[in-house]
Amino acid sequence: MTKEEILARGGSKVNARPSLLLDATMHYCPGCSHGVVHKLVAEVIEELGMTDSAIGIAPVGCAVFAYNYIDIDWIEAAHGRAPAVATAAARLNPDAMVFTYQGDGDLAAIGTCETIHACNRGENITIIFINNGIYGMTGGQMAPTTLEGMKTSTTPYGRRADLNGYPLNITNLVKELDGTCYVTRQTVHTPAAVRKAKAAIRQAFINTREKRGTSFVEIVSTCNSGWKMSPADANKWMEEHMFAKYPPGEIKNTVKDQK
Amino acid sequence: MKGNEAIAHAAIRYGVDGYFGYPITPQSEVLETLEELRPWETTGMVVLQSESEVAAINMVYGGASTGKAVMTSSSSPGVSLMQEGISYIAAGQLPTLIINVMRGGPGLGTIQPSQSDYFQAVKGGGHGDYRLIVLAPASVQDMADYVGLGFDLAFKYRTPAMLLSDGIVGQMMEKVVLPPFRPRRTDAEIAKQCPWAVTGKRGRKERNVSTTLELESRTMEENNRRLQAVYDEIERNEVRFEQYMTDDADYLFVAFGCMSRICKKSIEQARSRGIKVGLLRPITLWPFPTGAIADLSKRVKGILVAEMNAGQMVEDVRLAAEGRTPVAHFGRNGGIVPNPGEVVESLVSQFSIKE
Ligand SMILES: Cc1ncc(C[n+]2csc(CCOP(=O)(O)OP(=O)(O)O)c2C)c(N)n1
Ligand code: SF4
Ligand SMILES: [Mg+2]
């Protein structure tokens with residue numbers, strides 16, 4: 001059904017399929033947060049009239065095929081290097097609205113260096129960070145953000161700080177860097193949370209258009225496949241455990257005019 | 001000026017859009033000269049010191065994906081770090097220029113000159129079946145000229161090109177005629193030349209995607225075939241080499257880059273002793289001048305491949321000679337620069353030449 005058809009039938013606009021979302025069937029597991037965030041990204045780009053200027057940088061991770069789902073120009077980066085790819089794309093194309101879309105392994109393990117330095121230089125980009133505490137794509141190995149005690153295929157008895165180190169709160173690190181103008185942590189597990197996450201992505205994309213520095217939007221997410229839970233249980237587990245280490249909320253905002 | 005400085009000047013004059021690099025001896029003058037010249041105030045060229053060579057090559061990947069003319073330079077350990085990115089750039093069919101001002105390895109090695117990254121450059125240092133167009137400058141003038149040549153070839157075939165230089169050519173000072181200024185391409189010109197460029201849709205109906213991922217094996221094999229077809233065309237059209245005193249030669253030196261200059265002196269010394277030697281200097285290391293060496297191998301008594309490494313290009317020369325004439329190797333490594341006399345002595349002793 002097209003958006004027009006839904007609207008003609010008096011449907012709610014909230015549930016309409018954004019026209020930028022392509023018809024391809026998403027490969028994500030049912031209940032995965034990636035699909036919801038894709039929809040928000042597509043909606044915001046469309047609403048801000050950025051269809052012609054947006055360049056997305058896809059990661060290596062479950063979202064590697066993001067370019068098959070949102071009808072804008074994309075570059076698929078090597079694992080972890082999206083912020084470096086975005087740096088050049090943005091500097092060489094000042095009229096473009098460049099954003100990366102990355103998982104926790106991509107952004108906070110193999111790509112930590114590129115993440116920190118792009119943020120520290122204050123590149124005019126948005127970084128959307130899907131923190132699901134696990135390597136979804138490769139079958140559920142430990143991520144830097146995996147919680148202590150959490151079982152993964154490479155921490156089958158649970159993550160132990162003495163063996164595996166502590167969960168990395170990279171968003172708090174990024175907040176300290178002078179190059180970031182906007183750092184926020186959101187979720188998409190309830191309709192209210194989705195609305196707030198959308199507003200955050202919108203703020204970030206406006207910042208990028210206005211060249212205010214780096215905007216960093218973490219989405220604390222579920223990976224029900226990797227966590228081996230039903231989508232409903234995964235949401236509950238996220239609220240009970242992930243939020244303690246990664247509490248949702250605004251973390252830094254140097255931008256005064258929120259409109 | 002120095003070879004490394006010539007690269008910086010030539011890049012600005014060619015209308016390069018972006019340079020991304022990380023300091024390493026003996027090539028840091030490229031970035032230093034660009035920062036000194038501040039081209040962003042004149043041509044609008046972007047210059048950025050990256051946090052690592054990994055970042056630099058991925059910036060090049062990102063910039064090239066948008067159709068811009070972008071480049072990086074480094075030296076051996078840094079170029080090793082770039083290999084994953086180079087493989088992506090080749091797979092993505094992105095025109096770029098990568099410069100390796102070689103130093104001696106393996107490991108951290110030495111900051112002194114070497115030619116020991118021939119295999120890495122010519123055989124594909126990264127993963128997968130890909131090739132780089134590899135140009136070997138032998139003078140400061142070549143450094144200036146091959147920046148433009150490298151980009152021209154890269155854009156003609158939509159493939160990365162590499163200048164495989166070394167610490168001598170990078171550091172030595174020579175007179176140079178710089179190429180004339182060309183304006184950078186406009187966005188409209190880029191859109192015309194590179195309809196695949198990821199620029200934001202800008203009114204295009206179809207979105208552009210720069211990706212190297214293909215999970216369907218048949219399609220991936222097709223992608224490989226397409227790349228190989230481009231490489232075949234490059235091998236047919238773009239072989240470049242220089243011949244020096246080969247007409248009457250009984251023996252042949254094959255040498256590239258700074259070593260070819262040393263060999264020219266060796267030829268002078270050998271000929272004054274009555275030994276007729278000539279030189280074939282590959283300018284393109286890939287595509288390799290196999291045909292020209294094959295022809296010469298039919299009429300010389302022996303070939304000496306002189307390299308500042310333990311024997312790398314010699315393998316390609318042996319393949320070209322196909323046993324028609326003996327092929328020997330002379331090599332110094334670790335940053336030692338041989339003198340012309342050593343090369344002559346090696347020729348005389350390895351081929352038991354009676355004077
Ligand atoms: C250089 C390199 N190393 C390793 C991999 C394998 N790999 C692919 S995705 C991935 C982890 C992805 O996890 P994350 O970034 O958290 O994304 P998610 O799938 O959870 O969304 C790894 C290790 C790779 N493709 N490239
Ligand atoms: S493995 Fe996890 S992150 Fe990947 S699609 Fe499935 S639920 Fe989503
Ligand atoms: Mg993950």
# chains A, B, ... in the order shown; residues from 1 in each chain; ligands from 1
$ residues_around --residues "segment 247-260 of chain B" --least-positions-apart "4" --cutoff "9 Å" --atoms "only C-alpha atoms" --output "JSON, numbers by chain"
{"B": [115, 136, 137, 138, 139, 164, 165, 166, 168, 169, 243, 264, 265, 267, 275, 276, 277, 278, 279, 280, 281, 282, 283, 285, 293, 296, 297, 299, 300, 301, 302, 303, 304, 305, 306, 307, 308, 313, 314, 317, 337, 338, 347]}
$ write_last_selection --atoms "N, CA and C atoms" --output "CSV table (one decimal), in the first residue's frame"
chain,number,residue,atom,x,y,z
B,115,GLN,N,63.5,-1.2,-2.8
B,115,GLN,CA,62.5,-1.5,-3.8
B,115,GLN,C,61.8,-2.8,-3.5
B,136,ALA,N,56.5,3.4,-12.2
B,136,ALA,CA,57.8,3.5,-11.4
B,136,ALA,C,58.6,4.7,-11.9
B,137,PRO,N,58.5,5.8,-11.1
B,137,PRO,CA,59.3,7.0,-11.5
B,137,PRO,C,60.7,6.9,-11.2
B,138,ALA,N,61.6,7.5,-12.0
B,138,ALA,CA,63.0,7.3,-11.8
B,138,ALA,C,63.7,8.7,-11.6
B,139,SER,N,62.9,9.8,-11.7
B,139,SER,CA,63.5,11.1,-11.5
B,139,SER,C,62.4,12.0,-10.9
B,164,LEU,N,55.0,3.6,-7.6
B,164,LEU,CA,55.9,2.9,-6.8
B,164,LEU,C,57.3,3.6,-6.9
B,165,SER,N,57.5,4.5,-5.9
B,165,SER,CA,58.7,5.3,-5.9
B,165,SER,C,59.6,4.7,-4.8
B,166,ASP,N,60.7,5.4,-4.5
B,166,ASP,CA,61.5,5.0,-3.4
B,166,ASP,C,62.2,6.2,-2.7
B,168,ILE,N,65.1,7.3,-2.6
B,168,ILE,CA,66.0,8.1,-3.3
B,168,ILE,C,65.3,9.1,-4.2
B,169,VAL,N,64.3,8.6,-5.0
B,169,VAL,CA,63.6,9.5,-5.9
B,169,VAL,C,62.8,10.5,-5.1
B,243,GLN,N,63.9,2.1,-23.4
B,243,GLN,CA,65.0,1.2,-23.8
B,243,GLN,C,66.2,2.2,-24.0
B,264,LYS,N,72.3,3.0,-15.8
B,264,LYS,CA,72.8,3.8,-16.9
B,264,LYS,C,74.3,4.1,-16.7
B,265,LYS,N,74.6,4.4,-15.5
B,265,LYS,CA,76.1,4.6,-15.2
B,265,LYS,C,76.9,3.3,-15.4
B,267,ILE,N,76.2,1.0,-17.4
B,267,ILE,CA,76.4,0.8,-18.9
B,267,ILE,C,77.6,1.5,-19.4
B,275,ILE,N,82.3,-4.1,-23.0
B,275,ILE,CA,81.1,-5.0,-22.8
B,275,ILE,C,79.9,-4.2,-23.2
B,276,LYS,N,79.2,-4.7,-24.3
B,276,LYS,CA,78.0,-4.0,-24.8
B,276,LYS,C,76.8,-4.4,-24.0
B,277,VAL,N,76.3,-3.5,-23.2
B,277,VAL,CA,75.1,-3.7,-22.3
B,277,VAL,C,74.1,-2.6,-22.7
B,278,GLY,N,72.9,-3.0,-22.6
B,278,GLY,CA,71.8,-2.1,-22.7
B,278,GLY,C,70.8,-2.2,-21.5
B,279,LEU,N,69.8,-1.3,-21.5
B,279,LEU,CA,68.9,-1.3,-20.4
B,279,LEU,C,67.5,-1.3,-20.9
B,280,LEU,N,66.6,-2.1,-20.2
B,280,LEU,CA,65.2,-2.0,-20.4
B,280,LEU,C,64.7,-1.6,-19.0
B,281,ARG,N,64.0,-0.4,-19.0
B,281,ARG,CA,63.5,0.1,-17.8
B,281,ARG,C,62.0,0.1,-17.9
B,282,PRO,N,61.3,-0.8,-17.1
B,282,PRO,CA,59.8,-0.8,-17.1
B,282,PRO,C,59.4,0.5,-16.5
B,283,ILE,N,58.5,1.2,-17.2
B,283,ILE,CA,57.8,2.4,-16.5
B,283,ILE,C,56.5,2.0,-15.9
B,285,LEU,N,55.1,-1.1,-14.1
B,285,LEU,CA,55.5,-2.5,-13.5
B,285,LEU,C,54.4,-3.4,-13.7
B,293,ILE,N,60.6,-7.5,-23.3
B,293,ILE,CA,61.7,-8.3,-22.8
B,293,ILE,C,61.8,-9.7,-23.5
B,296,LEU,N,63.8,-9.0,-26.7
B,296,LEU,CA,65.2,-8.8,-26.4
B,296,LEU,C,65.9,-10.1,-25.9
B,297,SER,N,65.1,-11.0,-25.3
B,297,SER,CA,65.7,-12.2,-24.8
B,297,SER,C,66.1,-13.1,-25.9
B,299,ARG,N,67.8,-12.1,-28.5
B,299,ARG,CA,69.1,-11.7,-29.1
B,299,ARG,C,70.2,-11.3,-28.1
B,300,VAL,N,70.0,-11.4,-26.8
B,300,VAL,CA,71.1,-11.1,-25.9
B,300,VAL,C,71.6,-12.4,-25.3
B,301,LYS,N,72.8,-12.3,-24.8
B,301,LYS,CA,73.5,-13.5,-24.2
B,301,LYS,C,73.1,-13.7,-22.8
B,302,GLY,N,72.5,-12.7,-22.2
B,302,GLY,CA,72.1,-12.8,-20.8
B,302,GLY,C,71.4,-11.6,-20.3
B,303,ILE,N,70.6,-11.7,-19.3
B,303,ILE,CA,69.9,-10.6,-18.7
B,303,ILE,C,70.2,-10.5,-17.2
B,304,LEU,N,70.6,-9.3,-16.7
B,304,LEU,CA,70.8,-9.1,-15.3
B,304,LEU,C,69.7,-8.2,-14.8
B,305,VAL,N,68.9,-8.7,-13.9
B,305,VAL,CA,67.9,-7.8,-13.3
B,305,VAL,C,68.4,-7.2,-12.0
B,306,ALA,N,68.6,-5.9,-12.0
B,306,ALA,CA,69.2,-5.2,-10.8
B,306,ALA,C,68.1,-4.6,-10.0
B,307,GLU,N,68.0,-4.9,-8.8
B,307,GLU,CA,66.9,-4.4,-7.9
B,307,GLU,C,67.4,-4.1,-6.5
B,308,MET,N,66.8,-3.2,-5.8
B,308,MET,CA,67.2,-3.0,-4.4
B,308,MET,C,66.2,-3.9,-3.6
B,313,MET,N,61.3,-8.5,-9.1
B,313,MET,CA,60.9,-8.3,-10.5
B,313,MET,C,61.6,-9.4,-11.3
B,314,VAL,N,62.7,-9.9,-10.9
B,314,VAL,CA,63.4,-11.0,-11.6
B,314,VAL,C,62.5,-12.1,-12.0
B,317,VAL,N,60.7,-11.2,-15.1
B,317,VAL,CA,61.6,-11.2,-16.3
B,317,VAL,C,61.9,-12.6,-16.7
B,337,VAL,N,72.3,1.5,-1.1
B,337,VAL,CA,72.2,1.9,-2.5
B,337,VAL,C,73.5,1.4,-3.2
B,338,PRO,N,73.3,0.5,-4.2
B,338,PRO,CA,74.6,0.0,-4.8
B,338,PRO,C,75.2,1.0,-5.7
B,347,LEU,N,77.6,-8.5,-13.3
B,347,LEU,CA,77.3,-8.9,-14.7
B,347,LEU,C,78.5,-9.8,-15.2
$ residues_near_ligand --ligand "ligand 1" --cutoff "10 Å" --atoms "only C-alpha atoms and all ligand atoms" --output "PyMOL selection string"
(chain A and resi 28+32-34+59-64+78-81+101-111+129-146+221-223+226) or (chain B and resi 84-85)
$ closest_residue --among "B:Glu238, B:Asp187, B:Asp145, B:Glu32" --to "chain A" --atoms "only C-alpha atoms"
B:Asp187
$ closest_residue --among "A:Asp52, A:Glu250, A:Glu218, A:Asp233" --to "ligand 3" --atoms "only C-alpha atoms and all ligand atoms"
A:Glu218
$ interface_residues --of "chain B" --to "chain A" --cutoff "7 Å" --atoms "only C-alpha atoms" --output "list in words"
Val46, Glu51, Ala55, Asn58, Met59, Tyr61, Gly62, Gly63, Thr66, Val198, Thr199, Gly200, Lys201, Arg202, Gly203, Arg207, Asn208, Val209, Ser210 and Thr211 of chain B
$ select_by_dssp --residues "segment 99-253 of chain B" --states "strand (DSSP E or B)" --output "list in words"
Ile99, Asn100, Val101, Met102, Arg103, Pro113, Ile133, Val134, Leu135, Pro160, Ala161, Met162, Leu163, Leu164, Ser165, Asp166, Met173, Val209, Ser210, Phe241, Glu242, Gln243, Tyr244, Tyr251, Leu252 and Phe253 of chain B
$ atom_distance --atom1 "atom CA of Ser266 of chain B" --atom2 "atom CA of Pro340 of chain B"
4.5 Å
